[in-house]
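Below is input.cif, holding mmCIF, C-alpha atoms.
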data_input
#
loop_
_atom_site.group_PDB
_atom_site.id
_atom_site.type_symbol
_atom_site.label_atom_id
_atom_site.label_comp_id
_atom_site.auth_asym_id
_atom_site.auth_seq_id
_atom_site.Cartn_x
_atom_site.Cartn_y
_atom_site.Cartn_z
ATOM 1 C CA MET A 204 24.759 -32.358 -0.942
ATOM 2 C CA ASP A 205 25.571 -28.827 0.107
ATOM 3 C CA LEU A 206 24.858 -28.705 3.839
ATOM 4 C CA ASN A 207 25.552 -24.966 3.879
ATOM 5 C CA LEU A 208 22.648 -24.172 1.582
ATOM 6 C CA ASN A 209 20.765 -21.124 2.835
ATOM 7 C CA PRO A 210 17.028 -21.861 2.505
ATOM 8 C CA PHE A 211 16.207 -18.139 2.626
ATOM 9 C CA ARG A 212 17.941 -17.626 -0.701
ATOM 10 C CA LEU A 213 15.325 -19.847 -2.266
ATOM 11 C CA CYS A 214 12.802 -17.132 -1.452
ATOM 12 C CA SER A 215 14.368 -14.975 -4.171
ATOM 13 C CA GLY A 216 12.613 -17.256 -6.657
ATOM 14 C CA LEU A 217 9.374 -15.497 -5.718
ATOM 15 C CA LYS A 218 10.585 -12.545 -7.794
ATOM 16 C CA PHE A 219 9.950 -14.517 -10.973
ATOM 17 C CA LEU A 220 6.431 -15.289 -9.796
ATOM 18 C CA GLY A 221 5.959 -11.568 -9.302
ATOM 19 C CA TYR A 222 6.555 -10.827 -12.989
ATOM 20 C CA PHE A 223 3.771 -13.245 -13.836
ATOM 21 C CA MET A 224 1.547 -11.414 -11.345
ATOM 22 C CA ILE A 225 2.189 -8.122 -13.150
ATOM 23 C CA PHE A 226 1.062 -9.754 -16.388
ATOM 24 C CA LEU A 227 -1.999 -11.122 -14.593
ATOM 25 C CA VAL A 228 -2.915 -7.680 -13.228
ATOM 26 C CA PHE A 229 -2.869 -6.104 -16.677
ATOM 27 C CA SER A 230 -4.772 -9.058 -18.149
ATOM 28 C CA ILE A 231 -7.575 -8.576 -15.623
ATOM 29 C CA VAL A 232 -7.632 -4.845 -16.356
ATOM 30 C CA ALA A 233 -7.854 -5.551 -20.104
ATOM 31 C CA VAL A 234 -10.702 -8.045 -19.694
ATOM 32 C CA SER A 235 -12.602 -5.663 -17.402
ATOM 33 C CA TYR A 236 -12.111 -2.734 -19.768
ATOM 34 C CA TYR A 237 -13.401 -4.704 -22.739
ATOM 35 C CA ALA A 238 -16.409 -6.007 -20.807
ATOM 36 C CA VAL A 239 -17.427 -2.745 -19.120
ATOM 37 C CA VAL A 240 -16.538 -0.079 -21.687
ATOM 38 C CA VAL A 241 -16.597 -1.807 -25.076
ATOM 39 C CA LEU A 242 -19.333 -4.431 -24.666
ATOM 40 C CA THR A 243 -21.694 -3.256 -21.936
ATOM 41 C CA TRP A 244 -21.853 0.530 -21.530
ATOM 42 C CA GLY A 245 -20.022 2.026 -24.493
ATOM 43 C CA PRO A 246 -22.810 1.148 -26.975
ATOM 44 C CA HIS A 247 -25.366 3.024 -24.816
ATOM 45 C CA LEU A 248 -23.586 6.375 -25.147
ATOM 46 C CA LEU A 249 -25.607 7.136 -28.278
ATOM 47 C CA ASP A 250 -28.982 6.056 -26.885
ATOM 48 C CA GLY A 251 -29.831 9.541 -25.693
ATOM 49 C CA GLY A 252 -31.515 10.664 -22.483
ATOM 50 C CA ALA A 253 -30.890 9.009 -19.140
ATOM 51 C CA ASN A 254 -29.207 5.979 -20.715
ATOM 52 C CA SER A 255 -26.501 8.102 -22.326
ATOM 53 C CA PHE A 256 -25.929 10.090 -19.129
ATOM 54 C CA LEU A 257 -25.656 6.931 -17.035
ATOM 55 C CA SER A 258 -23.270 5.332 -19.529
ATOM 56 C CA PHE A 259 -21.109 8.452 -19.661
ATOM 57 C CA THR A 260 -20.959 8.647 -15.852
ATOM 58 C CA ILE A 261 -20.011 4.975 -15.463
ATOM 59 C CA ILE A 262 -17.332 5.151 -18.150
ATOM 60 C CA ALA A 263 -15.912 8.406 -16.733
ATOM 61 C CA VAL A 264 -15.671 6.993 -13.183
ATOM 62 C CA PHE A 265 -14.214 3.761 -14.585
ATOM 63 C CA HIS A 266 -11.415 5.658 -16.363
ATOM 64 C CA LEU A 267 -10.740 7.922 -13.361
ATOM 65 C CA LEU A 268 -10.300 4.964 -11.018
ATOM 66 C CA LEU A 269 -8.268 3.132 -13.650
ATOM 67 C CA VAL A 270 -5.830 6.051 -13.967
ATOM 68 C CA LEU A 271 -5.467 6.380 -10.199
ATOM 69 C CA LEU A 272 -4.951 2.657 -9.551
ATOM 70 C CA THR A 273 -2.501 2.320 -12.467
ATOM 71 C CA TRP A 274 -0.556 5.370 -11.289
ATOM 72 C CA SER A 275 -0.432 4.028 -7.740
ATOM 73 C CA TYR A 276 0.535 0.566 -8.985
ATOM 74 C CA PHE A 277 3.520 1.808 -10.957
ATOM 75 C CA MET A 278 4.645 3.917 -8.000
ATOM 76 C CA VAL A 279 4.620 0.821 -5.755
ATOM 77 C CA VAL A 280 6.464 -1.252 -8.350
ATOM 78 C CA LEU A 281 9.105 1.338 -9.228
ATOM 79 C CA ARG A 282 9.647 3.163 -5.916
ATOM 80 C CA ASP A 283 12.274 1.754 -3.586
ATOM 81 C CA PRO A 284 10.514 0.904 -0.298
ATOM 82 C CA GLY A 285 13.430 2.280 1.686
ATOM 83 C CA ALA A 286 16.979 0.970 1.900
ATOM 84 C CA VAL A 287 19.361 1.329 4.804
ATOM 85 C CA PRO A 288 22.208 3.651 3.803
ATOM 86 C CA ALA A 289 25.552 1.886 3.422
ATOM 87 C CA ASN A 290 27.387 1.504 6.742
ATOM 88 C CA TRP A 291 24.548 3.345 8.452
ATOM 89 C CA LYS A 292 25.122 4.391 12.041
ATOM 90 C CA MET A 293 22.840 6.579 14.125
ATOM 91 C CA SER A 294 24.895 9.621 15.000
ATOM 92 C CA SER A 295 22.065 11.837 16.159
ATOM 93 C CA GLU A 296 18.408 11.812 17.105
ATOM 94 C CA GLN A 297 16.437 14.223 14.963
ATOM 95 C CA THR A 298 12.950 15.539 15.370
ATOM 96 C CA VAL A 299 10.873 18.399 14.115
ATOM 97 C CA GLU A 300 9.342 20.891 16.519
ATOM 98 C CA GLY A 301 7.544 23.739 14.832
ATOM 99 C CA ASN A 302 9.759 24.930 11.996
ATOM 100 C CA SER A 303 13.097 24.063 13.570
ATOM 101 C CA MET A 304 15.129 20.867 13.582
ATOM 102 C CA ILE A 305 16.352 19.713 16.979
ATOM 103 C CA CYS A 306 19.302 17.311 17.095
ATOM 104 C CA TYR A 307 20.374 15.241 20.051
ATOM 105 C CA ASP A 308 23.798 13.655 20.205
ATOM 106 C CA SER A 309 23.364 9.882 20.420
ATOM 107 C CA THR A 310 26.523 9.334 22.459
ATOM 108 C CA ALA A 311 25.248 11.675 25.136
ATOM 109 C CA LEU A 312 21.834 10.098 25.091
ATOM 110 C CA ALA A 313 23.297 6.632 25.448
ATOM 111 C CA ASP A 314 24.271 7.409 29.035
ATOM 112 C CA SER A 315 20.891 8.892 29.902
ATOM 113 C CA THR A 316 17.957 6.903 31.210
ATOM 114 C CA THR A 317 15.404 9.410 29.940
ATOM 115 C CA MET A 318 14.947 11.082 26.600
ATOM 116 C CA PRO A 319 13.912 14.683 25.957
ATOM 117 C CA SER A 320 10.174 14.864 25.438
ATOM 118 C CA LEU A 321 8.479 16.945 22.787
ATOM 119 C CA SER A 322 5.702 19.453 23.366
ATOM 120 C CA ASP A 323 3.136 17.040 21.871
ATOM 121 C CA GLY A 324 4.008 14.325 24.368
ATOM 122 C CA THR A 325 6.224 12.304 22.036
ATOM 123 C CA GLU A 326 9.948 11.726 22.206
ATOM 124 C CA ARG A 327 12.845 10.163 20.355
ATOM 125 C CA ARG A 328 14.389 6.922 21.565
ATOM 126 C CA PRO A 329 17.062 4.834 19.918
ATOM 127 C CA ALA A 330 15.941 1.357 18.928
ATOM 128 C CA ILE A 331 18.934 0.148 16.983
ATOM 129 C CA GLY A 332 19.351 -3.465 15.945
ATOM 130 C CA TYR A 333 21.838 -5.407 13.890
ATOM 131 C CA CYS A 334 21.216 -7.582 10.829
ATOM 132 C CA SER A 335 23.439 -10.652 10.620
ATOM 133 C CA GLN A 336 22.476 -11.114 6.954
ATOM 134 C CA CYS A 337 23.362 -7.585 5.794
ATOM 135 C CA GLN A 338 26.151 -7.178 8.350
ATOM 136 C CA ASN A 339 24.892 -3.708 9.119
ATOM 137 C CA SER A 340 23.047 -1.768 11.803
ATOM 138 C CA LYS A 341 19.276 -1.600 11.485
ATOM 139 C CA PRO A 342 17.302 1.597 12.089
ATOM 140 C CA PRO A 343 14.135 1.442 14.205
ATOM 141 C CA ARG A 344 11.256 -0.528 12.611
ATOM 142 C CA CYS A 345 13.581 -1.963 9.960
ATOM 143 C CA HIS A 346 13.364 -5.652 8.994
ATOM 144 C CA HIS A 347 15.242 -7.996 6.681
ATOM 145 C CA CYS A 348 13.414 -9.283 3.596
ATOM 146 C CA SER A 349 14.342 -12.846 2.611
ATOM 147 C CA VAL A 350 13.061 -12.298 -0.930
ATOM 148 C CA CYS A 351 14.903 -9.045 -1.660
ATOM 149 C CA GLN A 352 17.895 -10.183 0.414
ATOM 150 C CA ARG A 353 18.224 -6.824 2.148
ATOM 151 C CA CYS A 354 16.862 -4.776 5.022
ATOM 152 C CA VAL A 355 13.823 -2.614 4.303
ATOM 153 C CA LEU A 356 12.876 0.492 6.275
ATOM 154 C CA LYS A 357 9.576 0.098 8.149
ATOM 155 C CA MET A 358 8.902 -3.080 6.203
ATOM 156 C CA ASP A 359 5.267 -4.171 6.005
ATOM 157 C CA HIS A 360 5.561 -7.223 3.732
ATOM 158 C CA HIS A 361 6.951 -8.420 0.419
ATOM 159 C CA CYS A 362 4.172 -8.262 -2.165
ATOM 160 C CA ILE A 363 4.478 -10.623 -5.131
ATOM 161 C CA TRP A 364 1.770 -8.639 -6.957
ATOM 162 C CA VAL A 365 4.135 -5.677 -7.286
ATOM 163 C CA VAL A 366 7.487 -7.570 -7.310
ATOM 164 C CA ASN A 367 8.631 -5.329 -4.510
ATOM 165 C CA CYS A 368 8.657 -4.867 -0.778
ATOM 166 C CA VAL A 369 6.171 -2.529 0.827
ATOM 167 C CA GLY A 370 8.011 -0.222 3.190
ATOM 168 C CA ALA A 371 8.287 3.329 4.472
ATOM 169 C CA CYS A 372 8.765 5.004 1.091
ATOM 170 C CA ASN A 373 5.999 3.270 -0.877
ATOM 171 C CA TYR A 374 3.451 2.206 1.760
ATOM 172 C CA LYS A 375 1.136 5.104 0.917
ATOM 173 C CA PHE A 376 1.223 4.131 -2.758
ATOM 174 C CA PHE A 377 0.395 0.530 -1.866
ATOM 175 C CA LEU A 378 -2.583 1.598 0.247
ATOM 176 C CA LEU A 379 -3.892 3.799 -2.561
ATOM 177 C CA PHE A 380 -3.451 0.969 -5.054
ATOM 178 C CA VAL A 381 -5.435 -1.400 -2.828
ATOM 179 C CA LEU A 382 -8.149 1.211 -2.223
ATOM 180 C CA TYR A 383 -8.598 2.231 -5.859
ATOM 181 C CA THR A 384 -8.492 -1.370 -7.059
ATOM 182 C CA PHE A 385 -11.178 -2.259 -4.525
ATOM 183 C CA LEU A 386 -13.352 0.644 -5.707
ATOM 184 C CA GLU A 387 -12.776 -0.240 -9.358
ATOM 185 C CA THR A 388 -13.571 -3.937 -8.970
ATOM 186 C CA THR A 389 -16.616 -3.159 -6.839
ATOM 187 C CA MET A 390 -17.953 -0.765 -9.461
ATOM 188 C CA ASP A 391 -17.250 -3.267 -12.261
ATOM 189 C CA THR A 392 -19.134 -5.952 -10.347
ATOM 190 C CA LEU A 393 -22.169 -3.725 -9.886
ATOM 191 C CA VAL A 394 -22.364 -2.461 -13.480
ATOM 192 C CA LEU A 395 -21.890 -5.973 -14.878
ATOM 193 C CA LEU A 396 -24.445 -7.525 -12.535
ATOM 194 C CA PRO A 397 -27.438 -7.037 -14.899
ATOM 195 C CA ASN A 398 -25.558 -8.827 -17.674
ATOM 196 C CA PHE A 399 -24.572 -11.595 -15.288
ATOM 197 C CA ILE A 400 -28.250 -12.077 -14.411
ATOM 198 C CA ASN A 401 -29.130 -12.115 -18.115
ATOM 199 C CA PHE A 402 -26.628 -14.916 -18.532
ATOM 200 C CA PHE A 403 -29.158 -17.183 -16.835
ATOM 201 C CA LYS A 404 -32.240 -15.608 -18.435
ATOM 202 C CA HIS A 405 -32.150 -14.378 -21.996
ATOM 203 C CA ALA A 406 -28.439 -13.955 -22.699
ATOM 204 C CA SER A 407 -28.934 -14.725 -26.373
ATOM 205 C CA HIS A 408 -30.829 -11.443 -26.767
ATOM 206 C CA ARG A 409 -28.042 -9.421 -25.199
ATOM 207 C CA PHE A 410 -24.930 -10.690 -26.936
ATOM 208 C CA THR A 411 -24.075 -11.222 -30.570
ATOM 209 C CA SER A 412 -21.589 -14.006 -29.927
ATOM 210 C CA PRO A 413 -20.722 -16.625 -27.285
ATOM 211 C CA GLY A 414 -17.291 -14.984 -27.016
ATOM 212 C CA GLN A 415 -18.783 -11.698 -25.761
ATOM 213 C CA LEU A 416 -20.909 -13.612 -23.281
ATOM 214 C CA ALA A 417 -17.847 -15.482 -21.996
ATOM 215 C CA VAL A 418 -15.796 -12.275 -21.602
ATOM 216 C CA THR A 419 -18.515 -10.501 -19.644
ATOM 217 C CA PHE A 420 -19.133 -13.534 -17.445
ATOM 218 C CA LEU A 421 -15.395 -13.896 -16.771
ATOM 219 C CA ALA A 422 -15.013 -10.190 -16.006
ATOM 220 C CA PHE A 423 -17.887 -10.298 -13.518
ATOM 221 C CA VAL A 424 -16.539 -13.334 -11.667
ATOM 222 C CA LEU A 425 -12.975 -11.959 -11.514
ATOM 223 C CA ASN A 426 -14.065 -8.530 -10.299
ATOM 224 C CA LEU A 427 -16.383 -10.007 -7.687
ATOM 225 C CA ALA A 428 -13.624 -12.281 -6.374
ATOM 226 C CA PHE A 429 -11.088 -9.450 -6.198
ATOM 227 C CA ALA A 430 -13.560 -7.019 -4.632
ATOM 228 C CA LEU A 431 -14.330 -9.454 -1.800
ATOM 229 C CA SER A 432 -10.677 -10.291 -1.162
ATOM 230 C CA LEU A 433 -9.590 -6.660 -1.339
ATOM 231 C CA LEU A 434 -12.273 -5.689 1.147
ATOM 232 C CA CYS A 435 -10.392 -7.780 3.723
ATOM 233 C CA PHE A 436 -7.130 -6.021 2.798
ATOM 234 C CA VAL A 437 -8.725 -2.578 3.053
ATOM 235 C CA ILE A 438 -10.071 -3.351 6.529
ATOM 236 C CA MET A 439 -6.814 -4.913 7.717
ATOM 237 C CA HIS A 440 -4.507 -2.167 6.466
ATOM 238 C CA SER A 441 -6.869 0.561 7.688
ATOM 239 C CA SER A 442 -6.571 -0.954 11.153
ATOM 240 C CA LEU A 443 -2.766 -1.070 10.864
ATOM 241 C CA LEU A 444 -2.625 2.486 9.492
ATOM 242 C CA PHE A 445 -4.669 4.071 12.283
ATOM 243 C CA ARG A 446 -2.625 2.232 14.919
ATOM 244 C CA ASN A 447 0.701 3.129 13.273
ATOM 245 C CA THR A 448 1.914 -0.430 12.945
ATOM 246 C CA THR A 449 2.798 -2.848 10.144
ATOM 247 C CA SER A 450 2.049 -6.451 9.260
ATOM 248 C CA VAL A 451 5.445 -7.410 10.716
ATOM 249 C CA GLU A 452 5.120 -5.283 13.845
ATOM 250 C CA VAL A 453 1.646 -6.484 14.730
ATOM 251 C CA TYR A 454 3.243 -9.478 16.477
ATOM 252 C CA GLU A 455 5.552 -7.188 18.445
ATOM 253 C CA LYS A 456 2.586 -4.990 19.318
ATOM 254 C CA LYS A 457 0.809 -7.931 20.952
ATOM 255 C CA ARG A 458 3.570 -8.144 23.551
ATOM 256 C CA ALA A 459 3.180 -4.482 24.507
ATOM 257 C CA VAL A 460 0.471 -3.016 26.696
ATOM 258 C CA ARG A 461 0.568 0.169 24.632
ATOM 259 C CA TRP A 462 2.277 0.486 21.250
ATOM 260 C CA LYS A 463 4.973 3.154 21.500
ATOM 261 C CA TYR A 464 4.444 4.408 17.929
ATOM 262 C CA ASP A 465 0.688 4.891 18.363
ATOM 263 C CA LEU A 466 0.318 8.673 18.547
ATOM 264 C CA GLY A 467 -3.415 8.897 17.870
ATOM 265 C CA TRP A 468 -5.283 8.084 14.658
ATOM 266 C CA LYS A 469 -4.815 11.528 13.056
ATOM 267 C CA THR A 470 -1.054 11.693 13.633
ATOM 268 C CA ASN A 471 -0.702 8.027 12.671
ATOM 269 C CA PHE A 472 -2.466 8.742 9.384
ATOM 270 C CA GLU A 473 -0.211 11.735 8.678
ATOM 271 C CA GLN A 474 2.891 9.605 9.347
ATOM 272 C CA VAL A 475 2.023 7.732 6.124
ATOM 273 C CA PHE A 476 -0.016 10.165 4.001
ATOM 274 C CA GLY A 477 1.491 13.488 5.048
ATOM 275 C CA THR A 478 -0.293 16.581 6.339
ATOM 276 C CA ARG A 479 -1.360 18.137 3.025
ATOM 277 C CA LYS A 480 -4.936 17.020 2.332
ATOM 278 C CA LEU A 481 -4.616 17.812 -1.373
ATOM 279 C CA PHE A 482 -2.013 15.056 -1.753
ATOM 280 C CA TRP A 483 -3.813 12.389 0.279
ATOM 281 C CA PHE A 484 -5.614 10.857 -2.687
ATOM 282 C CA PHE A 485 -2.655 10.858 -5.075
ATOM 283 C CA PRO A 486 0.568 8.787 -5.013
ATOM 284 C CA LEU A 487 2.576 11.935 -4.273
ATOM 285 C CA PHE A 488 4.029 13.730 -1.270
ATOM 286 C CA ALA A 489 4.137 17.447 -0.614
ATOM 287 C CA LYS A 490 7.678 18.820 -0.622
ATOM 288 C CA GLU A 491 7.253 20.377 2.811
ATOM 289 C CA ASP A 492 6.082 17.045 4.257
ATOM 290 C CA LEU A 493 9.165 15.293 2.900
ATOM 291 C CA GLU A 494 11.332 17.998 4.456
ATOM 292 C CA LYS A 495 9.622 18.163 7.853
ATOM 293 C CA MET A 496 8.470 14.576 8.458
ATOM 294 C CA PRO A 497 11.432 12.179 8.875
ATOM 295 C CA ALA A 498 9.020 9.249 9.265
ATOM 296 C CA LEU A 499 8.213 9.454 5.539
ATOM 297 C CA HIS A 500 11.849 8.529 4.849
ATOM 298 C CA GLY A 501 11.781 5.591 7.260
ATOM 299 C CA LEU A 502 14.805 6.431 9.398
ATOM 300 C CA ASP A 503 13.340 8.337 12.327
ATOM 301 C CA PHE A 504 9.985 7.934 14.086
ATOM 302 C CA PRO A 505 8.374 9.771 17.004
ATOM 303 C CA THR A 506 7.320 7.636 19.961
ATOM 304 C CA ARG A 507 5.074 8.085 22.969
ATOM 305 C CA SER A 508 6.694 9.708 25.978
ATOM 306 C CA ASP A 509 4.829 7.426 28.396
ATOM 307 C CA ILE A 510 6.161 4.186 26.888
ATOM 308 C CA GLU A 511 9.621 2.843 27.587
ATOM 309 C CA ALA A 512 11.732 1.893 24.551
#
Translate the structure described by the file into structure tokens.
Amino acid sequence: MDLNLNPFRLCSGLKFLGYFMIFLVFSIVAVSYYAVVVLTWGPHLLDGGANSFLSFTIIAVFHLLLVLLTWSYFMVVLRDPGAVPANWKMSSEQTVEGNSMICYDSTALADSTTMPSLSDGTERRPAIGYCSQCQNSKPPRCHHCSVCQRCVLKMDHHCIWVVNCVGACNYKFFLLFVLYTFLETTMDTLVLLPNFINFFKHASHRFTSPGQLAVTFLAFVLNLAFALSLLCFVIMHSSLLFRNTTSVEVYEKKRAVRWKYDLGWKTNFEQVFGTRKLFWFFPLFAKEDLEKMPALHGLDFPTRSDIEA
């Protein structure tokens, strides 16, 4: 027996489970599409009048949400959550004030008990750690993932549904995926509800085959289950977002009287979604936000000036 076996390496096996989850996601989407568009509302497009308008509206909203959630999903799956640069060392403290970049030498700051404060009441403080697994320095808010076997910038959690970690560089995309999936499954549940009720009444008059009945029933149950579970995720991550914390950091936050990264709900929101409102609802970032907001890259974060590091 190998007594030196590292149990954390066994966590890498969760990656294979993740690929099955991807297949499951697309299977649920396919079943829902067939039930909502093909079986239930598609045939009513030619009815004329209010029925046609209602069917068109439902199908249009269904496809819009489907495009947005699929787009967000692929961005979470394919975008690196944020990796620590090789042999990373903090050589300077950078922050943005107006349109200029202010740099503080870290060696000089190391001997100082106070840090320069910004005009908005925030400041930069070094919070450097060291990862014994990666044998490298860790930037602030960085954590090691036992599944990916590497450190992830501003890590929130490893999500088996996307076969990827959720971190600084793809957290916005994950939130949008959760939101749009919740909206899609909620809408599917509501528009399939009449057919679900007919399942117990006069289903034989509504469906031409038991197979169609089974698909619609399955789609309703799956969408209802996901809508309820995703509602919990939406509430939880909204709370984390507006307090500028993560699923990992929430335990650290409990030990602090005031969380040093909590800069107010508006600034906290912009630290993840950016400042350009046009881009908030899409899995994209404005170029100027990427240039002026270091927090979006996961290496540098503003902190409160009234909280000690």
Given only C-alpha atoms as the counted atoms, nearest of A:Thr392, A:Asn367, A:Asn254, A:Ser340 to A:Val239: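 Under the stated criterion, the closest residue is A:Thr392.
Considering all atoms listed in the file, the residue among A:Met224, A:Leu379, A:Ala238, A:Ile438 positioned nearest to A:Val365 is A:Met224.
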Selection under test: the PyMOL selection byres ((chain A and resi 235) around 8); residues as number ranges by chain: A: 231-234, 236-239, 391, 419, 422, 426
Go ahead and compute the interatomic distance for atom CA of A:Leu433 and atom CA of A:Phe385, in Å to one decimal.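 Between these atoms lies a distance of 5.7 Å.
Among the candidates A:Tyr454, A:Phe265, A:Phe482, A:Phe226, the one nearest to A:Tyr383 when counting only C-alpha atoms is A:Phe265.
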Quick one: residues within 7 Å of (-5.4, 2.0, 1.1) (file frame), counting all atoms listed in the file, please, as a compact mmCIF listing (two decimals) with C-alpha atoms, keeping the file's coordinate frame.
# COMPACT_ATOMS: atom_id res chain seq x y z
CA PHE A 377 0.40 0.53 -1.87
CA LEU A 378 -2.58 1.60 0.25
CA LEU A 379 -3.89 3.80 -2.56
CA PHE A 380 -3.45 0.97 -5.05
CA VAL A 381 -5.44 -1.40 -2.83
CA LEU A 382 -8.15 1.21 -2.22
CA VAL A 437 -8.72 -2.58 3.05
CA HIS A 440 -4.51 -2.17 6.47
CA SER A 441 -6.87 0.56 7.69
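With all atoms listed in the file as the basis for measurement, A:Pro505 is the residue among A:Gly414, A:Pro497, A:Pro505, A:Pro486 that approaches A:Asn447 most closely.
One finds atom CA of A:Trp274 at 19.9 Å from atom CA of A:Ile261.
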To one decimal place in Å, what is the distance between atom CA of A:Tyr333 and atom CA of A:Trp462?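 Separation between atom CA of A:Tyr333 and atom CA of A:Trp462: 21.7 Å.
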Missing atoms in stretch 256-272 of chain A should be modelled up to N, CA, C and O atoms and reported as a short mmCIF file (atom, residue, chain, number, x, y, z; two decimals), keeping the file's coordinate frame.
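Printed below is result14.cif as written:
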data_model
loop_
_atom_site.label_atom_id
_atom_site.label_comp_id
_atom_site.auth_asym_id
_atom_site.auth_seq_id
_atom_site.Cartn_x
_atom_site.Cartn_y
_atom_site.Cartn_z
N PHE A 256 -26.54 9.44 -20.30
CA PHE A 256 -25.93 10.09 -19.13
C PHE A 256 -25.36 9.05 -18.17
O PHE A 256 -24.26 9.21 -17.65
N LEU A 257 -26.13 7.98 -17.92
CA LEU A 257 -25.66 6.93 -17.04
C LEU A 257 -24.42 6.25 -17.60
O LEU A 257 -23.45 5.99 -16.87
N SER A 258 -24.42 5.97 -18.88
CA SER A 258 -23.27 5.33 -19.53
C SER A 258 -22.04 6.22 -19.46
O SER A 258 -20.93 5.75 -19.14
N PHE A 259 -22.23 7.51 -19.72
CA PHE A 259 -21.11 8.45 -19.66
C PHE A 259 -20.53 8.52 -18.25
O PHE A 259 -19.31 8.52 -18.06
N THR A 260 -21.41 8.56 -17.24
CA THR A 260 -20.96 8.65 -15.85
C THR A 260 -20.16 7.40 -15.46
O THR A 260 -19.09 7.49 -14.85
N ILE A 261 -20.69 6.23 -15.81
CA ILE A 261 -20.01 4.97 -15.46
C ILE A 261 -18.65 4.89 -16.15
O ILE A 261 -17.64 4.53 -15.51
N ILE A 262 -18.59 5.23 -17.41
CA ILE A 262 -17.33 5.15 -18.15
C ILE A 262 -16.33 6.17 -17.63
O ILE A 262 -15.12 5.90 -17.52
N ALA A 263 -16.81 7.37 -17.26
CA ALA A 263 -15.91 8.41 -16.73
C ALA A 263 -15.32 7.97 -15.39
O ALA A 263 -14.11 8.10 -15.17
N VAL A 264 -16.16 7.46 -14.49
CA VAL A 264 -15.67 6.99 -13.18
C VAL A 264 -14.73 5.81 -13.37
O VAL A 264 -13.70 5.70 -12.68
N PHE A 265 -15.07 4.92 -14.30
CA PHE A 265 -14.21 3.76 -14.58
C PHE A 265 -12.81 4.22 -14.98
O PHE A 265 -11.81 3.71 -14.47
N HIS A 266 -12.72 5.19 -15.90
CA HIS A 266 -11.42 5.66 -16.36
C HIS A 266 -10.66 6.42 -15.27
O HIS A 266 -9.43 6.32 -15.17
N LEU A 267 -11.39 7.19 -14.45
CA LEU A 267 -10.74 7.92 -13.36
C LEU A 267 -10.09 6.96 -12.37
O LEU A 267 -8.92 7.13 -12.00
N LEU A 268 -10.85 5.95 -11.95
CA LEU A 268 -10.30 4.96 -11.02
C LEU A 268 -9.17 4.16 -11.66
O LEU A 268 -8.19 3.82 -10.99
N LEU A 269 -9.31 3.89 -12.95
CA LEU A 269 -8.27 3.13 -13.65
C LEU A 269 -6.96 3.91 -13.69
O LEU A 269 -5.88 3.34 -13.47
N VAL A 270 -7.04 5.21 -13.95
CA VAL A 270 -5.83 6.05 -13.97
C VAL A 270 -5.19 6.09 -12.59
O VAL A 270 -3.96 5.94 -12.45
N LEU A 271 -6.00 6.28 -11.56
CA LEU A 271 -5.47 6.38 -10.20
C LEU A 271 -4.84 5.06 -9.72
O LEU A 271 -3.77 5.06 -9.12
N LEU A 272 -5.50 3.94 -10.00
CA LEU A 272 -4.95 2.66 -9.55
C LEU A 272 -3.71 2.28 -10.34
O LEU A 272 -2.77 1.71 -9.79
#
